[in-house]
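Okay, upload-v5.csv is below, CSV, N, CA and C atoms:
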```csv
chain,number,residue,atom,x,y,z
A,271,GLY,N,38.7,-75.4,-110.8
A,271,GLY,CA,37.3,-75.4,-110.5
A,271,GLY,C,36.7,-74.0,-110.2
A,272,LEU,N,35.5,-74.0,-110.0
A,272,LEU,CA,34.8,-72.7,-109.7
A,272,LEU,C,34.8,-72.4,-108.2
A,273,ASP,N,34.8,-71.2,-107.8
A,273,ASP,CA,34.8,-70.8,-106.4
A,273,ASP,C,33.3,-70.5,-106.0
A,274,ILE,N,32.6,-71.6,-105.9
A,274,ILE,CA,31.2,-71.6,-105.6
A,274,ILE,C,30.9,-72.3,-104.2
A,275,HIS,N,30.2,-71.6,-103.4
A,275,HIS,CA,29.7,-72.2,-102.1
A,275,HIS,C,28.2,-72.1,-102.1
A,276,GLY,N,27.6,-73.1,-101.4
A,276,GLY,CA,26.1,-73.0,-101.3
A,276,GLY,C,25.5,-74.3,-100.8
A,277,ARG,N,24.1,-74.4,-101.1
A,277,ARG,CA,23.3,-75.5,-100.7
A,277,ARG,C,22.6,-76.0,-102.0
A,278,ILE,N,22.7,-77.2,-102.3
A,278,ILE,CA,21.9,-77.8,-103.4
A,278,ILE,C,21.1,-79.0,-102.9
A,279,TYR,N,19.8,-78.9,-102.9
A,279,TYR,CA,18.9,-80.0,-102.5
A,279,TYR,C,18.3,-80.6,-103.7
A,280,ILE,N,18.2,-81.9,-103.8
A,280,ILE,CA,17.6,-82.6,-104.9
A,280,ILE,C,16.7,-83.7,-104.4
A,281,ASN,N,15.6,-83.9,-105.2
A,281,ASN,CA,14.8,-85.1,-105.0
A,281,ASN,C,13.9,-85.3,-106.2
A,282,GLU,N,12.9,-86.1,-106.2
A,282,GLU,CA,12.1,-86.4,-107.3
A,282,GLU,C,11.3,-85.2,-107.8
A,283,GLN,N,11.1,-84.2,-106.9
A,283,GLN,CA,10.3,-83.0,-107.3
A,283,GLN,C,11.2,-82.1,-108.1
A,284,GLY,N,12.5,-82.1,-107.9
A,284,GLY,CA,13.3,-81.1,-108.7
A,284,GLY,C,14.6,-80.7,-107.9
A,285,ILE,N,15.0,-79.5,-108.1
A,285,ILE,CA,16.2,-79.0,-107.5
A,285,ILE,C,15.9,-77.7,-106.8
A,286,ASN,N,16.5,-77.5,-105.6
A,286,ASN,CA,16.4,-76.2,-104.9
A,286,ASN,C,17.8,-75.8,-104.6
A,287,ALA,N,18.3,-74.8,-105.2
A,287,ALA,CA,19.7,-74.4,-104.9
A,287,ALA,C,19.9,-72.9,-104.7
A,288,GLN,N,20.8,-72.7,-103.7
A,288,GLN,CA,21.2,-71.3,-103.4
A,288,GLN,C,22.7,-71.4,-103.3
A,289,TYR,N,23.4,-70.5,-104.0
A,289,TYR,CA,24.9,-70.5,-104.0
A,289,TYR,C,25.4,-69.1,-104.1
A,290,SER,N,26.7,-69.0,-103.8
A,290,SER,CA,27.4,-67.7,-103.9
A,290,SER,C,28.7,-67.9,-104.5
A,291,GLY,N,29.3,-66.9,-105.0
A,291,GLY,CA,30.6,-66.9,-105.6
A,291,GLY,C,30.9,-65.7,-106.4
A,292,PRO,N,32.1,-65.5,-106.8
A,292,PRO,CA,32.4,-64.3,-107.7
A,292,PRO,C,31.5,-64.4,-108.9
A,293,SER,N,31.1,-63.2,-109.4
A,293,SER,CA,30.2,-63.1,-110.6
A,293,SER,C,30.7,-64.0,-111.7
A,294,LYS,N,31.9,-64.0,-112.1
A,294,LYS,CA,32.5,-64.7,-113.2
A,294,LYS,C,32.2,-66.2,-113.0
A,295,HIS,N,32.4,-66.7,-111.8
A,295,HIS,CA,32.2,-68.2,-111.5
A,295,HIS,C,30.7,-68.5,-111.4
A,296,SER,N,29.9,-67.6,-110.8
A,296,SER,CA,28.5,-67.9,-110.7
A,296,SER,C,27.8,-68.0,-112.1
A,297,PHE,N,28.1,-67.0,-112.9
A,297,PHE,CA,27.5,-67.1,-114.3
A,297,PHE,C,28.1,-68.2,-115.1
A,298,ALA,N,29.3,-68.6,-114.9
A,298,ALA,CA,29.9,-69.7,-115.6
A,298,ALA,C,29.1,-71.0,-115.2
A,299,TYR,N,28.8,-71.1,-114.0
A,299,TYR,CA,28.0,-72.3,-113.5
A,299,TYR,C,26.6,-72.3,-114.2
A,300,VAL,N,26.0,-71.2,-114.3
A,300,VAL,CA,24.7,-71.1,-114.9
A,300,VAL,C,24.8,-71.5,-116.4
A,301,GLU,N,25.8,-71.0,-117.1
A,301,GLU,CA,26.0,-71.4,-118.5
A,301,GLU,C,26.3,-72.9,-118.6
A,302,TRP,N,27.1,-73.5,-117.7
A,302,TRP,CA,27.3,-74.9,-117.7
A,302,TRP,C,26.0,-75.7,-117.5
A,303,LEU,N,25.2,-75.2,-116.6
A,303,LEU,CA,23.9,-75.9,-116.3
A,303,LEU,C,23.0,-75.9,-117.5
A,304,LYS,N,23.0,-74.8,-118.2
A,304,LYS,CA,22.1,-74.6,-119.3
A,304,LYS,C,22.5,-75.4,-120.5
A,305,GLU,N,23.7,-75.9,-120.5
A,305,GLU,CA,24.2,-76.8,-121.6
A,305,GLU,C,23.4,-78.1,-121.6
A,306,ASP,N,22.8,-78.4,-120.5
A,306,ASP,CA,21.9,-79.6,-120.4
A,306,ASP,C,20.5,-79.2,-120.8
A,307,ASP,N,19.9,-79.8,-121.8
A,307,ASP,CA,18.6,-79.4,-122.3
A,307,ASP,C,17.5,-79.4,-121.2
A,308,ARG,N,17.7,-80.2,-120.1
A,308,ARG,CA,16.7,-80.2,-119.0
A,308,ARG,C,16.6,-78.9,-118.3
A,309,PHE,N,17.7,-78.1,-118.4
A,309,PHE,CA,17.8,-76.9,-117.6
A,309,PHE,C,17.7,-75.6,-118.4
A,310,LEU,N,17.3,-75.8,-119.7
A,310,LEU,CA,17.3,-74.6,-120.6
A,310,LEU,C,16.4,-73.5,-120.1
A,311,ASP,N,15.3,-73.8,-119.5
A,311,ASP,CA,14.3,-72.8,-119.0
A,311,ASP,C,14.4,-72.5,-117.5
A,312,ILE,N,15.5,-72.9,-116.9
A,312,ILE,CA,15.6,-72.7,-115.4
A,312,ILE,C,15.6,-71.2,-115.1
A,313,LEU,N,14.9,-70.9,-114.0
A,313,LEU,CA,14.9,-69.5,-113.5
A,313,LEU,C,16.1,-69.3,-112.6
A,314,VAL,N,16.8,-68.2,-112.9
A,314,VAL,CA,18.0,-67.8,-112.1
A,314,VAL,C,17.8,-66.4,-111.6
A,315,GLN,N,17.8,-66.2,-110.3
A,315,GLN,CA,17.7,-64.9,-109.7
A,315,GLN,C,19.1,-64.5,-109.2
A,316,THR,N,19.4,-63.3,-109.3
A,316,THR,CA,20.7,-62.8,-108.8
A,316,THR,C,20.6,-61.7,-107.8
A,317,SER,N,21.5,-61.7,-106.8
A,317,SER,CA,21.5,-60.6,-105.8
A,317,SER,C,23.0,-60.4,-105.6
A,318,PRO,N,23.4,-59.1,-105.5
A,318,PRO,CA,24.8,-58.9,-105.2
A,318,PRO,C,25.2,-59.2,-103.8
A,319,ALA,N,26.4,-59.7,-103.6
A,319,ALA,CA,26.9,-60.0,-102.3
A,319,ALA,C,28.2,-59.1,-102.1
A,320,PHE,N,28.3,-58.5,-101.0
A,320,PHE,CA,29.4,-57.5,-100.8
A,320,PHE,C,30.4,-58.0,-99.8
A,321,ASN,N,30.1,-59.1,-99.1
A,321,ASN,CA,31.0,-59.6,-98.0
A,321,ASN,C,31.5,-61.0,-98.3
A,322,GLY,N,31.9,-61.3,-99.5
A,322,GLY,CA,32.4,-62.7,-99.7
A,322,GLY,C,31.2,-63.7,-99.9
A,323,HIS,N,31.5,-64.9,-99.5
A,323,HIS,CA,30.6,-66.0,-99.6
A,323,HIS,C,29.4,-65.9,-98.6
A,324,ALA,N,28.2,-66.2,-99.0
A,324,ALA,CA,27.1,-66.3,-98.1
A,324,ALA,C,27.0,-67.6,-97.4
A,325,PHE,N,27.7,-68.6,-97.9
A,325,PHE,CA,27.7,-70.0,-97.4
A,325,PHE,C,29.2,-70.4,-97.1
A,326,PRO,N,29.4,-71.2,-96.0
A,326,PRO,CA,30.8,-71.6,-95.7
A,326,PRO,C,31.4,-72.6,-96.6
A,327,LYS,N,30.5,-73.4,-97.3
A,327,LYS,CA,31.0,-74.5,-98.2
A,327,LYS,C,29.9,-74.9,-99.2
A,328,LEU,N,30.2,-75.8,-100.1
A,328,LEU,CA,29.2,-76.3,-101.0
A,328,LEU,C,28.7,-77.6,-100.5
A,329,LYS,N,27.4,-77.7,-100.4
A,329,LYS,CA,26.8,-78.9,-99.8
A,329,LYS,C,25.7,-79.4,-100.8
A,330,LEU,N,25.7,-80.6,-101.2
A,330,LEU,CA,24.7,-81.3,-102.0
A,330,LEU,C,24.1,-82.4,-101.2
A,331,ARG,N,22.8,-82.4,-101.1
A,331,ARG,CA,22.2,-83.5,-100.4
A,331,ARG,C,20.8,-83.8,-100.9
A,332,TYR,N,20.3,-85.0,-100.7
A,332,TYR,CA,18.9,-85.4,-100.9
A,332,TYR,C,18.1,-84.8,-99.8
A,333,LYS,N,17.0,-84.2,-100.2
A,333,LYS,CA,16.0,-83.7,-99.2
A,333,LYS,C,14.6,-84.3,-99.5
A,334,PRO,N,14.0,-85.0,-98.6
A,334,PRO,CA,12.8,-85.7,-98.8
A,334,PRO,C,11.7,-84.9,-99.5
A,335,SER,N,11.6,-83.6,-99.1
A,335,SER,CA,10.6,-82.7,-99.7
A,335,SER,C,11.1,-81.3,-100.0
A,336,LEU,N,10.8,-80.8,-101.1
A,336,LEU,CA,11.2,-79.5,-101.5
A,336,LEU,C,10.0,-78.5,-101.3
A,337,VAL,N,8.8,-79.1,-101.0
A,337,VAL,CA,7.6,-78.4,-100.8
A,337,VAL,C,7.4,-78.1,-99.3
A,338,GLN,N,7.2,-76.9,-99.0
A,338,GLN,CA,6.9,-76.5,-97.6
A,338,GLN,C,5.4,-76.3,-97.4
A,339,VAL,N,4.8,-76.8,-96.4
A,339,VAL,CA,3.4,-76.5,-96.1
A,339,VAL,C,3.3,-75.7,-94.8
A,340,SER,N,2.6,-74.5,-95.0
A,340,SER,CA,2.5,-73.6,-93.9
A,340,SER,C,1.1,-72.9,-93.9
A,341,ASN,N,0.4,-73.0,-92.8
A,341,ASN,CA,-1.0,-72.5,-92.8
A,341,ASN,C,-1.8,-72.9,-93.9
A,342,MET,N,-1.8,-74.1,-94.3
A,342,MET,CA,-2.6,-74.7,-95.3
A,342,MET,C,-2.2,-74.3,-96.7
A,343,PHE,N,-1.1,-73.6,-96.9
A,343,PHE,CA,-0.6,-73.2,-98.2
A,343,PHE,C,0.6,-74.0,-98.6
A,344,MET,N,0.8,-74.3,-99.8
A,344,MET,CA,2.0,-75.1,-100.2
A,344,MET,C,2.9,-74.1,-101.0
A,345,TYR,N,4.2,-74.2,-100.7
A,345,TYR,CA,5.2,-73.3,-101.3
A,345,TYR,C,6.2,-74.3,-102.0
A,346,LEU,N,6.4,-74.1,-103.3
A,346,LEU,CA,7.3,-74.9,-104.0
A,346,LEU,C,8.5,-74.0,-104.4
A,347,HIS,N,9.7,-74.3,-103.9
A,347,HIS,CA,10.9,-73.5,-104.2
A,347,HIS,C,11.8,-74.4,-105.0
A,348,VAL,N,11.8,-74.3,-106.3
A,348,VAL,CA,12.6,-75.1,-107.1
A,348,VAL,C,13.4,-74.3,-108.1
A,349,CYS,N,14.1,-73.3,-107.6
A,349,CYS,CA,14.9,-72.5,-108.6
A,349,CYS,C,16.2,-72.2,-107.9
A,350,PRO,N,17.3,-72.2,-108.7
A,350,PRO,CA,18.5,-71.9,-108.1
A,350,PRO,C,18.6,-70.3,-108.0
A,351,CYS,N,19.2,-69.9,-107.0
A,351,CYS,CA,19.3,-68.4,-106.8
A,351,CYS,C,20.8,-68.2,-106.6
A,352,ILE,N,21.3,-67.2,-107.3
A,352,ILE,CA,22.7,-66.8,-107.2
A,352,ILE,C,22.9,-65.6,-106.4
A,353,PHE,N,23.8,-65.6,-105.5
A,353,PHE,CA,24.2,-64.5,-104.7
A,353,PHE,C,25.6,-64.1,-105.1
A,354,VAL,N,25.7,-63.2,-106.0
A,354,VAL,CA,27.0,-62.8,-106.6
A,354,VAL,C,27.4,-61.4,-106.1
```
Will you turn the file into structure tokens for me?
Amino acid sequence: GLDIHGRIYINEQGINAQYSGPSKHSFAYVEWLKEDDRFLDILVQTSPAFNGHAFPKLKLRYKPSLVQVSNMFMYLHVCPCIFV
């Protein structure tokens, strides 16, 4: 398996994921994800990590809302971010 740790939240609105792992494993996950036509245009942002994993384990859970409301503005965060 891949050495990936992080948080993946899913619901009817979409997916919000942040994860970390060695570059080789992180990019392998992105390639695997894009094999599914539903994720061909998914936005992936990368940031280097220098101190190992940013998360203690991999957690997948249903979250009732991926949209945050703050000061009358709505923020929709539905992109996986890689910390490699």
* Computed interatomic separation between CA of Phe297 in chain A and CA of Ile280 in chain A (Å) -> 20.7 Å
* To do: Run DSSP on the backbone and grab whatever in range 284-325 of chain A lands in alpha helix (DSSP H); send it over as an NGL selection string.
  => :A and (293-304)
Atoms kept (N, CA and C atoms) for selection, written as a compact mmCIF listing (two decimals), in the coordinates of the input:
```txt
# COMPACT_ATOMS: atom_id res chain seq x y z
N SER A 293 31.10 -63.20 -109.40
CA SER A 293 30.20 -63.10 -110.60
C SER A 293 30.70 -64.00 -111.70
N LYS A 294 31.90 -64.00 -112.10
CA LYS A 294 32.50 -64.70 -113.20
C LYS A 294 32.20 -66.20 -113.00
N HIS A 295 32.40 -66.70 -111.80
CA HIS A 295 32.20 -68.20 -111.50
C HIS A 295 30.70 -68.50 -111.40
N SER A 296 29.90 -67.60 -110.80
CA SER A 296 28.50 -67.90 -110.70
C SER A 296 27.80 -68.00 -112.10
N PHE A 297 28.10 -67.00 -112.90
CA PHE A 297 27.50 -67.10 -114.30
C PHE A 297 28.10 -68.20 -115.10
N ALA A 298 29.30 -68.60 -114.90
CA ALA A 298 29.90 -69.70 -115.60
C ALA A 298 29.10 -71.00 -115.20
N TYR A 299 28.80 -71.10 -114.00
CA TYR A 299 28.00 -72.30 -113.50
C TYR A 299 26.60 -72.30 -114.20
N VAL A 300 26.00 -71.20 -114.30
CA VAL A 300 24.70 -71.10 -114.90
C VAL A 300 24.80 -71.50 -116.40
N GLU A 301 25.80 -71.00 -117.10
CA GLU A 301 26.00 -71.40 -118.50
C GLU A 301 26.30 -72.90 -118.60
N TRP A 302 27.10 -73.50 -117.70
CA TRP A 302 27.30 -74.90 -117.70
C TRP A 302 26.00 -75.70 -117.50
N LEU A 303 25.20 -75.20 -116.60
CA LEU A 303 23.90 -75.90 -116.30
C LEU A 303 23.00 -75.90 -117.50
N LYS A 304 23.00 -74.80 -118.20
CA LYS A 304 22.10 -74.60 -119.30
C LYS A 304 22.50 -75.40 -120.50
```
* Two-atom distance - CA of Leu303 in chain A, atom N of Phe325 in chain A (Å) ->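 Computing the Euclidean distance for CA of Leu303 in chain A and atom N of Phe325 in chain A yields 20.2 Å.
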* CA of Gly322 in chain A and CA of Gly276 in chain A are how many Å apart? -> 12.2 Å
* Asked: Closest to Leu336 in chain A among A:Phe320, A:Ile278, A:Gly271, A:Gly284, using only C-alpha atoms?
  -> A:Gly284
* List as JSON, numbers by chain: which residues have an atom within 8 Å of (23.0, -82.1, -97.7), counting all atoms listed in the file? -> {"A": [277, 278, 279, 280, 328, 329, 330, 331, 332, 333]}
Can you spit out the residues from that selection as an mmCIF file, in the coordinates of the input, using N, CA and C atoms?
```cif
data_model
loop_
_atom_site.group_PDB
_atom_site.id
_atom_site.type_symbol
_atom_site.label_atom_id
_atom_site.label_comp_id
_atom_site.auth_asym_id
_atom_site.auth_seq_id
_atom_site.Cartn_x
_atom_site.Cartn_y
_atom_site.Cartn_z
ATOM 1 N N ARG A 277 24.100 -74.400 -101.100
ATOM 2 C CA ARG A 277 23.300 -75.500 -100.700
ATOM 3 C C ARG A 277 22.600 -76.000 -102.000
ATOM 4 N N ILE A 278 22.700 -77.200 -102.300
ATOM 5 C CA ILE A 278 21.900 -77.800 -103.400
ATOM 6 C C ILE A 278 21.100 -79.000 -102.900
ATOM 7 N N TYR A 279 19.800 -78.900 -102.900
ATOM 8 C CA TYR A 279 18.900 -80.000 -102.500
ATOM 9 C C TYR A 279 18.300 -80.600 -103.700
ATOM 10 N N ILE A 280 18.200 -81.900 -103.800
ATOM 11 C CA ILE A 280 17.600 -82.600 -104.900
ATOM 12 C C ILE A 280 16.700 -83.700 -104.400
ATOM 13 N N LEU A 328 30.200 -75.800 -100.100
ATOM 14 C CA LEU A 328 29.200 -76.300 -101.000
ATOM 15 C C LEU A 328 28.700 -77.600 -100.500
ATOM 16 N N LYS A 329 27.400 -77.700 -100.400
ATOM 17 C CA LYS A 329 26.800 -78.900 -99.800
ATOM 18 C C LYS A 329 25.700 -79.400 -100.800
ATOM 19 N N LEU A 330 25.700 -80.600 -101.200
ATOM 20 C CA LEU A 330 24.700 -81.300 -102.000
ATOM 21 C C LEU A 330 24.100 -82.400 -101.200
ATOM 22 N N ARG A 331 22.800 -82.400 -101.100
ATOM 23 C CA ARG A 331 22.200 -83.500 -100.400
ATOM 24 C C ARG A 331 20.800 -83.800 -100.900
ATOM 25 N N TYR A 332 20.300 -85.000 -100.700
ATOM 26 C CA TYR A 332 18.900 -85.400 -100.900
ATOM 27 C C TYR A 332 18.100 -84.800 -99.800
ATOM 28 N N LYS A 333 17.000 -84.200 -100.200
ATOM 29 C CA LYS A 333 16.000 -83.700 -99.200
ATOM 30 C C LYS A 333 14.600 -84.300 -99.500
#
```
* **Residues near Ala324 in chain A, cut-off 7 Å, only N, CA and C atoms, skip fewer than 3 positions along chain, as a list in words** =>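 The filter keeps His275, Gly276, Tyr289, Ser290, Gly291, Asn321, Lys327 and Phe353 of chain A.
With only C-alpha atoms as the atoms that count, the minimum distance from Ala298 in chain A to the choices A:Gln283, A:Leu272, A:Leu310, A:Thr316 is reached by A:Leu272.
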